[in-house]
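Asks: Below you'll find run.txt; it's compact mmCIF, C-alpha atoms.
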```txt
# COMPACT_ATOMS: atom_id res chain seq x y z
CA MET C 75 31.96 -16.15 -0.31
CA THR C 76 29.36 -15.52 -3.00
CA TYR C 77 27.49 -18.12 -5.00
CA ALA C 78 27.32 -17.74 -8.77
CA PRO C 79 24.84 -20.15 -10.42
CA THR C 80 25.99 -21.71 -13.66
CA ASN C 81 22.50 -21.67 -15.15
CA PRO C 82 21.43 -18.08 -15.97
CA VAL C 83 17.81 -18.97 -15.21
CA ASP C 84 18.79 -19.47 -11.58
CA ILE C 85 20.02 -15.89 -11.20
CA PRO C 86 17.68 -14.02 -8.82
CA PRO C 87 16.14 -10.68 -9.86
CA TYR C 88 18.53 -8.77 -7.60
CA GLN C 89 21.75 -9.70 -5.85
CA LEU C 90 24.12 -7.27 -4.14
CA GLN C 91 27.77 -7.88 -3.46
CA GLY C 92 31.12 -6.12 -3.52
CA LEU C 93 34.00 -6.98 -5.81
CA PHE C 94 37.07 -5.72 -7.58
CA LEU C 95 36.63 -5.45 -11.31
CA SER C 96 39.50 -5.03 -13.78
CA THR C 97 38.84 -3.87 -17.34
CA GLU C 98 40.75 -2.22 -20.14
CA ASP C 99 39.78 1.07 -21.67
CA THR C 100 39.84 1.87 -25.37
CA PHE C 101 43.59 2.50 -25.14
CA GLY C 102 44.32 -0.86 -23.56
CA ARG C 103 45.01 0.63 -20.13
CA GLU C 104 43.77 -1.37 -17.16
CA ASN C 105 41.19 0.16 -14.82
CA LEU C 106 40.80 -1.38 -11.38
CA ARG C 107 38.15 -0.08 -9.06
CA TYR C 108 36.15 -1.36 -6.12
CA VAL C 109 32.52 -1.78 -7.09
CA PRO C 110 30.27 -1.29 -4.04
CA HIS C 111 27.02 -2.38 -5.71
CA VAL C 112 26.32 -5.06 -8.28
CA SER C 113 22.76 -5.87 -9.32
CA HIS C 114 21.59 -8.87 -11.32
CA VAL C 115 18.65 -7.65 -13.38
CA TRP C 116 17.12 -10.66 -15.06
CA GLN C 117 20.04 -12.02 -17.11
CA GLU C 118 22.08 -8.82 -17.15
CA ILE C 119 24.89 -7.79 -14.88
CA PHE C 120 25.34 -4.09 -14.30
CA LYS C 121 28.78 -3.08 -13.11
CA SER C 122 29.97 0.41 -12.32
CA VAL C 123 33.53 1.08 -13.36
CA VAL C 124 33.88 4.82 -13.78
CA GLY C 125 30.36 4.93 -15.21
CA LYS C 126 30.73 2.00 -17.66
CA ARG C 127 28.10 -0.65 -18.28
CA LEU C 128 29.14 -4.17 -19.19
CA ALA C 129 26.80 -6.95 -20.27
CA GLU C 130 27.63 -10.56 -19.52
CA ASP C 131 27.39 -13.23 -22.20
CA PRO C 132 25.72 -16.20 -20.40
CA ASN C 133 27.60 -18.59 -22.69
CA LYS C 134 30.96 -17.08 -21.74
CA PRO C 135 30.97 -16.26 -18.01
CA GLU C 136 34.27 -14.38 -18.26
CA SER C 137 33.46 -12.52 -21.48
CA TYR C 138 32.17 -8.95 -21.44
CA SER C 139 31.46 -6.35 -24.09
CA LEU C 140 31.13 -2.62 -23.61
CA LEU C 141 27.55 -1.63 -24.48
CA SER C 142 27.47 1.99 -23.40
CA ARG C 143 29.60 4.56 -21.65
CA GLN C 144 28.73 7.58 -19.54
CA THR C 145 31.27 9.88 -17.93
CA VAL C 146 30.31 11.01 -14.46
CA PRO C 147 30.24 14.82 -14.36
CA LEU C 148 33.41 16.41 -13.00
CA GLY C 149 35.18 13.06 -13.37
CA LYS C 150 34.65 12.15 -9.72
CA PRO C 151 34.48 8.55 -8.39
CA VAL C 152 31.15 6.78 -8.07
CA ASP C 153 30.22 6.47 -4.38
CA GLU C 154 26.97 4.53 -4.63
CA ILE C 155 24.61 3.07 -7.23
CA VAL C 156 21.03 1.82 -6.84
CA LEU C 157 18.83 0.42 -9.63
CA VAL C 158 15.20 1.50 -9.35
CA PRO C 159 12.28 -0.24 -11.14
CA CYS C 160 10.77 1.31 -14.24
CA LEU C 161 8.61 4.36 -13.55
CA GLY C 162 6.69 4.63 -16.80
CA ARG C 163 6.60 6.55 -20.07
CA ALA C 164 8.31 9.66 -18.70
CA PHE C 165 11.41 7.52 -18.20
CA SER C 166 11.01 5.62 -21.51
CA TYR C 167 9.99 2.51 -19.59
CA SER C 168 13.61 2.02 -18.51
CA LEU C 169 15.22 1.07 -15.26
CA ILE C 170 16.46 4.14 -13.43
CA ILE C 171 19.94 4.43 -11.97
CA PHE C 172 20.41 6.54 -8.84
CA LEU C 173 24.10 7.43 -8.84
CA LEU C 174 25.87 9.32 -6.06
CA SER C 175 29.16 11.04 -6.87
CA ASP C 176 30.89 13.88 -5.05
CA ARG C 177 27.77 14.59 -2.95
CA ILE C 178 25.55 14.96 -6.02
CA LEU C 179 22.79 12.45 -6.82
CA TYR C 180 22.38 11.87 -10.57
CA PHE C 181 19.68 9.97 -12.45
CA TYR C 182 20.29 7.82 -15.56
CA THR C 183 18.29 5.34 -17.63
CA LEU C 184 19.35 1.76 -18.30
CA PRO C 185 20.58 0.39 -20.69
CA SER C 186 21.37 3.59 -22.61
CA LEU C 187 22.97 5.34 -19.59
CA ASP C 188 21.40 8.58 -20.80
CA PRO C 189 20.79 11.23 -18.12
CA VAL C 190 17.13 11.61 -17.23
CA SER C 191 15.73 14.79 -18.76
CA LEU C 192 16.16 17.85 -16.56
CA ASN C 193 12.49 18.64 -17.23
CA ILE C 194 11.62 15.51 -15.22
CA VAL C 195 14.25 15.46 -12.50
CA LYS C 196 17.36 17.49 -11.80
CA PRO C 197 20.45 16.27 -9.94
CA ILE C 198 20.23 16.77 -6.18
CA ARG C 199 23.20 18.45 -4.50
CA HIS C 200 24.69 18.40 -0.99
CA VAL C 201 23.87 14.72 -0.50
CA VAL C 202 25.71 12.82 2.24
CA THR C 203 23.96 9.57 1.33
CA PHE C 204 20.51 8.38 0.23
CA ALA C 205 18.12 5.55 1.05
CA VAL C 206 15.53 4.16 -1.36
CA ASP C 207 12.64 2.31 0.26
CA HIS C 208 13.72 -1.34 0.07
CA ARG C 209 10.14 -2.48 -0.52
CA ASP C 210 9.93 -0.37 -3.67
CA LEU C 211 13.15 -1.95 -4.95
CA GLN C 212 11.62 -5.42 -4.72
CA ARG C 213 8.86 -4.70 -7.24
CA PRO C 214 9.23 -6.12 -10.76
CA SER C 215 9.61 -3.61 -13.56
CA ILE C 216 6.45 -2.76 -15.46
CA LEU C 217 5.81 -3.54 -19.09
CA PRO C 218 5.63 -0.85 -21.80
CA ASN C 219 2.25 0.81 -22.27
CA THR C 220 1.23 0.05 -18.69
CA PRO C 221 -1.63 2.45 -17.77
CA THR C 222 -0.57 5.39 -15.66
CA THR C 223 -3.10 4.39 -13.01
CA GLN C 224 -1.15 1.15 -12.42
CA LEU C 225 2.21 2.84 -11.92
CA GLU C 226 3.62 2.72 -8.40
CA SER C 227 5.85 5.43 -7.02
CA VAL C 228 9.32 5.07 -5.54
CA ASN C 229 9.99 6.65 -2.16
CA PHE C 230 13.43 7.64 -0.99
CA CYS C 231 15.28 9.82 1.49
CA ILE C 232 18.11 12.24 0.85
CA ILE C 233 20.39 12.57 3.86
CA LYS C 234 22.05 15.96 4.12
CA ARG C 235 24.24 17.45 6.85
CA THR C 236 21.32 19.09 8.62
CA GLY C 237 18.35 16.85 7.88
CA VAL C 238 16.57 14.03 6.09
CA ALA C 239 14.56 15.09 3.03
CA MET C 240 11.82 12.79 1.76
CA TYR C 241 10.97 12.48 -1.93
CA VAL C 242 8.58 10.46 -4.06
CA MET C 243 9.18 9.74 -7.75
CA ARG C 244 6.58 8.62 -10.23
CA GLU C 245 6.20 10.54 -13.48
CA ARG C 246 8.19 13.32 -11.84
CA LEU C 247 10.17 13.96 -8.68
CA ASN C 248 8.22 15.50 -5.80
CA PHE C 249 9.59 16.79 -2.49
CA LEU C 250 7.47 15.82 0.53
CA LYS C 251 9.09 17.19 3.68
CA GLU C 252 12.33 17.42 5.62
CA ILE C 253 13.11 16.26 9.16
CA PRO C 254 15.87 18.09 11.06
CA LEU C 255 18.53 15.48 11.89
CA GLN C 256 22.27 16.05 11.99
CA GLY C 257 25.26 13.75 11.75
CA VAL C 258 23.77 10.85 9.75
CA SER C 259 26.41 9.07 7.65
CA LEU C 260 24.54 5.88 6.67
CA ALA C 261 20.87 4.96 6.29
CA CYS C 262 18.55 2.19 5.06
CA ARG C 263 14.79 2.57 4.61
CA LEU C 264 11.87 0.18 5.03
CA GLY C 265 8.53 1.91 4.55
CA HIS C 266 8.32 4.80 6.99
CA ARG C 267 11.17 3.41 9.10
CA LEU C 268 14.72 4.69 8.53
CA CYS C 269 17.62 2.94 10.25
CA THR C 270 20.52 5.37 10.53
CA ALA C 271 24.06 5.59 11.86
CA ASP C 272 25.79 8.71 13.12
CA LYS C 273 29.26 9.04 14.70
CA GLU C 274 28.34 6.98 17.76
CA PHE C 275 24.95 5.25 17.55
CA TYR C 276 22.59 3.31 15.37
CA ASN C 277 19.14 4.90 15.51
CA MET C 278 15.64 4.10 14.28
CA VAL C 279 13.74 7.04 12.80
CA ASP C 280 9.97 7.07 12.33
CA LEU C 281 9.53 9.26 9.24
CA GLU C 282 5.81 9.78 9.86
CA ALA C 283 6.10 10.77 13.52
CA ALA C 284 9.50 12.47 13.06
CA SER C 285 10.80 10.61 16.12
CA LEU C 286 14.12 8.88 16.85
CA ILE C 287 15.05 5.92 19.07
CA PRO C 288 18.75 5.16 19.83
CA ILE C 289 19.46 1.42 19.37
CA ILE C 290 23.07 0.47 20.13
CA PRO C 291 26.54 2.06 19.92
CA ILE C 292 28.52 1.45 16.75
CA SER C 293 31.48 0.69 19.03
CA GLN C 294 31.05 -0.55 22.60
CA ALA C 295 34.79 -0.55 23.28
CA PRO C 296 35.62 1.97 26.02
CA ASP C 297 38.27 4.58 25.22
CA SER C 298 38.95 3.07 21.81
CA ASP C 299 40.67 5.20 19.17
CA VAL C 300 39.90 2.68 16.43
CA SER C 301 37.50 4.04 13.80
CA ILE C 302 34.69 1.54 13.22
CA LYS C 303 32.69 1.68 10.02
CA PRO C 304 28.94 1.30 10.62
CA SER C 305 26.98 -1.31 8.68
CA ILE C 306 23.21 -1.54 8.09
CA THR C 307 21.64 -4.24 5.90
CA VAL C 308 17.98 -4.88 5.10
CA VAL C 309 17.32 -8.60 5.59
CA SER C 310 13.53 -8.83 5.27
CA ASP C 311 10.38 -6.72 4.89
CA ASN C 312 10.67 -5.55 8.49
CA GLU C 313 14.19 -6.36 9.68
CA PHE C 314 17.60 -4.75 9.62
CA LEU C 315 20.99 -6.21 10.52
CA ILE C 316 23.39 -3.82 12.28
CA LEU C 317 26.97 -4.48 13.41
CA SER C 318 28.52 -3.33 16.70
CA TRP C 319 32.18 -3.66 17.74
CA THR C 320 32.74 -4.82 21.35
CA GLY C 321 36.50 -4.32 21.45
CA THR C 322 37.31 -7.97 20.81
CA THR C 323 34.58 -9.15 18.44
CA THR C 324 31.76 -7.75 16.32
CA ILE C 325 28.17 -8.73 17.02
CA GLY C 326 25.40 -8.64 14.44
CA LEU C 327 22.02 -7.62 15.83
CA PHE C 328 18.73 -8.19 14.00
CA ILE C 329 16.16 -5.48 14.74
CA THR C 330 12.65 -4.72 13.54
CA GLY C 331 11.46 -1.41 12.13
CA GLU C 332 10.29 -0.59 15.66
CA GLY C 333 13.85 -1.04 16.95
CA ASP C 334 13.16 -4.31 18.80
CA PRO C 335 15.78 -7.10 18.68
CA VAL C 336 14.68 -10.39 17.10
CA ARG C 337 16.27 -13.78 16.43
CA GLY C 338 19.72 -14.49 17.81
CA THR C 339 22.93 -12.55 17.24
CA LEU C 340 25.84 -13.14 14.89
CA GLU C 341 29.50 -12.81 15.83
CA TRP C 342 32.72 -12.08 13.93
CA PRO C 343 36.29 -12.17 15.32
CA CYS C 344 36.99 -8.86 13.57
CA HIS C 345 34.84 -6.07 12.19
CA PRO C 346 33.59 -6.80 8.64
CA GLU C 347 34.43 -4.12 6.10
CA ALA C 348 31.48 -4.90 3.82
```
Just give me the structure as structure tokens.

Replies:
Amino acid sequence: MTYAPTNPVDIPPYQLQGLFLSTEDTFGRENLRYVPHVSHVWQEIFKSVVGKRLAEDPNKPESYSLLSRQTVPLGKPVDEIVLVPCLGRAFSYSLIIFLLSDRILYFYTLPSLDPVSLNIVKPIRHVVTFAVDHRDLQRPSILPNTPTTQLESVNFCIIKRTGVAMYVMRERLNFLKEIPLQGVSLACRLGHRLCTADKEFYNMVDLEAASLIPIIPISQAPDSDVSIKPSITVVSDNEFLILSWTGTTTIGLFITGEGDPVRGTLEWPCHPEA
């Protein structure tokens, strides 16, 4: 269950949740699509429905108007969306949208939904998934005309089939290095720690030392043919929550960036899907 405050002032800077959103296109046809990421940005609500942006009227909670539209190249579904704080004049002092579709990572500005100039950053191909440093996502957006010296960069990882590539984005996108690592399907990043999931295990990767520590199996059920979807959630500045299926229940384990368990565990009678 999610909590939706009635007073717009109470809306936090960011809130992530999953939902089904139904809208009508310009021809009156209904579009229904699962939206994996929803971010409250001040008093706006950004929703991805085949690349559409809808703005909520705080006086009419169920009323939306189409502000801008952007068709995802090749017409493929949107797999993941992350909103990144403003990075300065090169990006017109706009929020940046990282959008993954059909293994290509695209970059757009908000609220116009214009693609970021190819002179600044080009789409990245062959992407399995990506992980933006959660600490960078918590920063407030800067104000226009902020001096370049006060701009902070955004660090993120691109997970490909054969490795993890590290990038930093400020006025432009810069490649740092790549760590050979195969089989990663899911990842979350906190600083130089990357919590990953492959076909069998959750692992903690030290991006500076290029080392890996196995944590716990995604499924602890022996000889199980049931496919279990891994789940990794950042819960604080140095903690992740990972879910492991035991065969009868799912346990939630809190771990630090060093891979050490903390707090108690959570338990579900079935494996959560999201």

Asks: Excluding segment 189-198 of chain C and residues on its chain fewer than 4 positions from it, collect all residues at most 10 Å away from it, counting all atoms listed in the file, and give them as a count of residues only.

Replies: 24

Asks: Go ahead and compute the interatomic distance for atom CA of Pro214 of chain C and atom CA of Thr145 of chain C, in Å to one decimal.

Replies: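 Taking atom CA of Pro214 of chain C and atom CA of Thr145 of chain C, their separation equals 28.2 Å.
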
Asks: Work out how far atom CA of Gly257 of chain C is from atom CA of Leu148 of chain C, in Å to one decimal.

Replies: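 Going from atom CA of Leu148 of chain C over to atom CA of Gly257 of chain C, I get 26.2 Å.
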
Asks: Name the closest residue to Arg337 of chain C among the candidates C:Leu315, C:Glu154, C:Asp210, C:Lys234; distances are taken between atoms, counting only C-alpha atoms.

Replies: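 Closest to Arg337 of chain C of all the choices is C:Leu315.
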
Asks: Go through C:Leu169, C:Ile233, C:Val242, C:Ala271 one by one, measure the shortest atom-to-atom distance of each to Ile302 of chain C using only C-alpha atoms, and give the residue with the smallest value.

Replies: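 Counting only C-alpha atoms, the residue closest to Ile302 of chain C is C:Ala271.
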
Asks: How far is it from atom CA of Val308 of chain C to atom CA of Ala283 of chain C, in Å with one decimal?

Replies: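 Separation between atom CA of Val308 of chain C and atom CA of Ala283 of chain C: 21.4 Å.
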
Asks: With a distance cut-off of 6 Å and all atoms listed in the file, select the neighbouring residues of segment 290-292 of chain C, excluding the residue or stretch itself and same-chain residues fewer than 6 positions from it, and output the selection as a PyMOL selection string.

Replies: chain C and resi 274-276+318

Asks: Please enclose the listed atoms of segment 296-302 of chain C in an axis-aligned box, pad each side by 6 Å, and write out the centre and the three edge lengths in Å, rounded to one decimal, as AutoDock Vina command-line options.

Replies:
```
--center_x 37.7 --center_y 3.4 --center_z 19.6 --size_x 18.0 --size_y 15.7 --size_z 24.8
```

Asks: Counting all atoms listed in the file, select every polymer residue within 9 Å of (11.2, -3.0, -7.3) as defined in the file's coordinates, and provide the selection as a list in words.

Replies: Leu157, Val158, Pro159, Cys160, His208, Arg209, Asp210, Leu211, Gln212, Arg213, Pro214, Ser215 and Val228 of chain C

Asks: Identify the residues within 8 Å of coordinate (27.1, 6.4, 3.3) (same frame as the file), considering only C-alpha atoms, and give the answer as a list in words.

Replies: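 Using only C-alpha atoms, the matching residues come out as Val202, Thr203, Phe204, Ser259, Leu260 and Ala261 of chain C.
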
Asks: Save out the residues we just selected, C-alpha atoms, as an mmCIF file, keeping the file's coordinate frame.

Replies:
```cif
data_model
loop_
_atom_site.group_PDB
_atom_site.id
_atom_site.type_symbol
_atom_site.label_atom_id
_atom_site.label_comp_id
_atom_site.auth_asym_id
_atom_site.auth_seq_id
_atom_site.Cartn_x
_atom_site.Cartn_y
_atom_site.Cartn_z
ATOM 1 C CA VAL C 202 25.710 12.820 2.240
ATOM 2 C CA THR C 203 23.960 9.570 1.330
ATOM 3 C CA PHE C 204 20.510 8.380 0.230
ATOM 4 C CA SER C 259 26.410 9.070 7.650
ATOM 5 C CA LEU C 260 24.540 5.880 6.670
ATOM 6 C CA ALA C 261 20.870 4.960 6.290
#
```

Asks: Counting all atoms listed in the file, figure out which residue out of C:Arg199, C:Lys273, C:Arg263, C:Arg143 gets nearest to Ser301 of chain C.

Replies: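 Between C:Arg199, C:Lys273, C:Arg263, C:Arg143, the residue approaching Ser301 of chain C most closely is C:Lys273.
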
Asks: For Cys231 of chain C, find every residue with an atom within 7 Å (counting only C-alpha atoms), except residues of its own chain fewer than 5 positions away, and show them as a list in words.

Replies: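 Returned residues: Phe204, Ala205, Val206, Val238, Ala239, Met240 and Tyr241 of chain C.
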
Asks: Considering only C-alpha atoms, state which residue in the set C:His345, C:Glu332, C:Arg267, C:Cys262 is at the smallest distance from Val300 of chain C.

Replies: C:His345

Asks: Contacts of Leu286 of chain C at 10 Å or less, counting all atoms listed in the file, minus same-chain residues fewer than 3 places along, as a list of chain:residue names?

Replies: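 Counting all atoms listed in the file, the residues come to C:Leu255, C:Arg267, C:Leu268, C:Cys269, C:Thr270, C:Asn277, C:Met278, C:Val279, C:Asp280, C:Leu281, C:Ala283, C:Ile289, C:Gly333.
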
Asks: Can you pull out every residue within 9 Å of Thr324 of chain C, counting only C-alpha atoms, but drop anything in the same chain fewer than 4 positions away, and send it as a ChimeraX atom specification?

Replies: /C:293,317-320,340-346

Asks: Which residue gives the smallest distance to Glu252 of chain C among C:Ala284, C:Leu327, C:Leu225, C:Val152, with all atoms listed in the file counted?

Replies: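 The closest residue to Glu252 of chain C is C:Ala284.
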
Asks: Given only C-alpha atoms as the basis, pick out the residue of C:Ala295, C:Glu313, C:Val201, C:Gly331 nearest to Val258 of chain C.

Replies: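 Of C:Ala295, C:Glu313, C:Val201, C:Gly331, the one nearest Val258 of chain C, counting only C-alpha atoms, is C:Val201.
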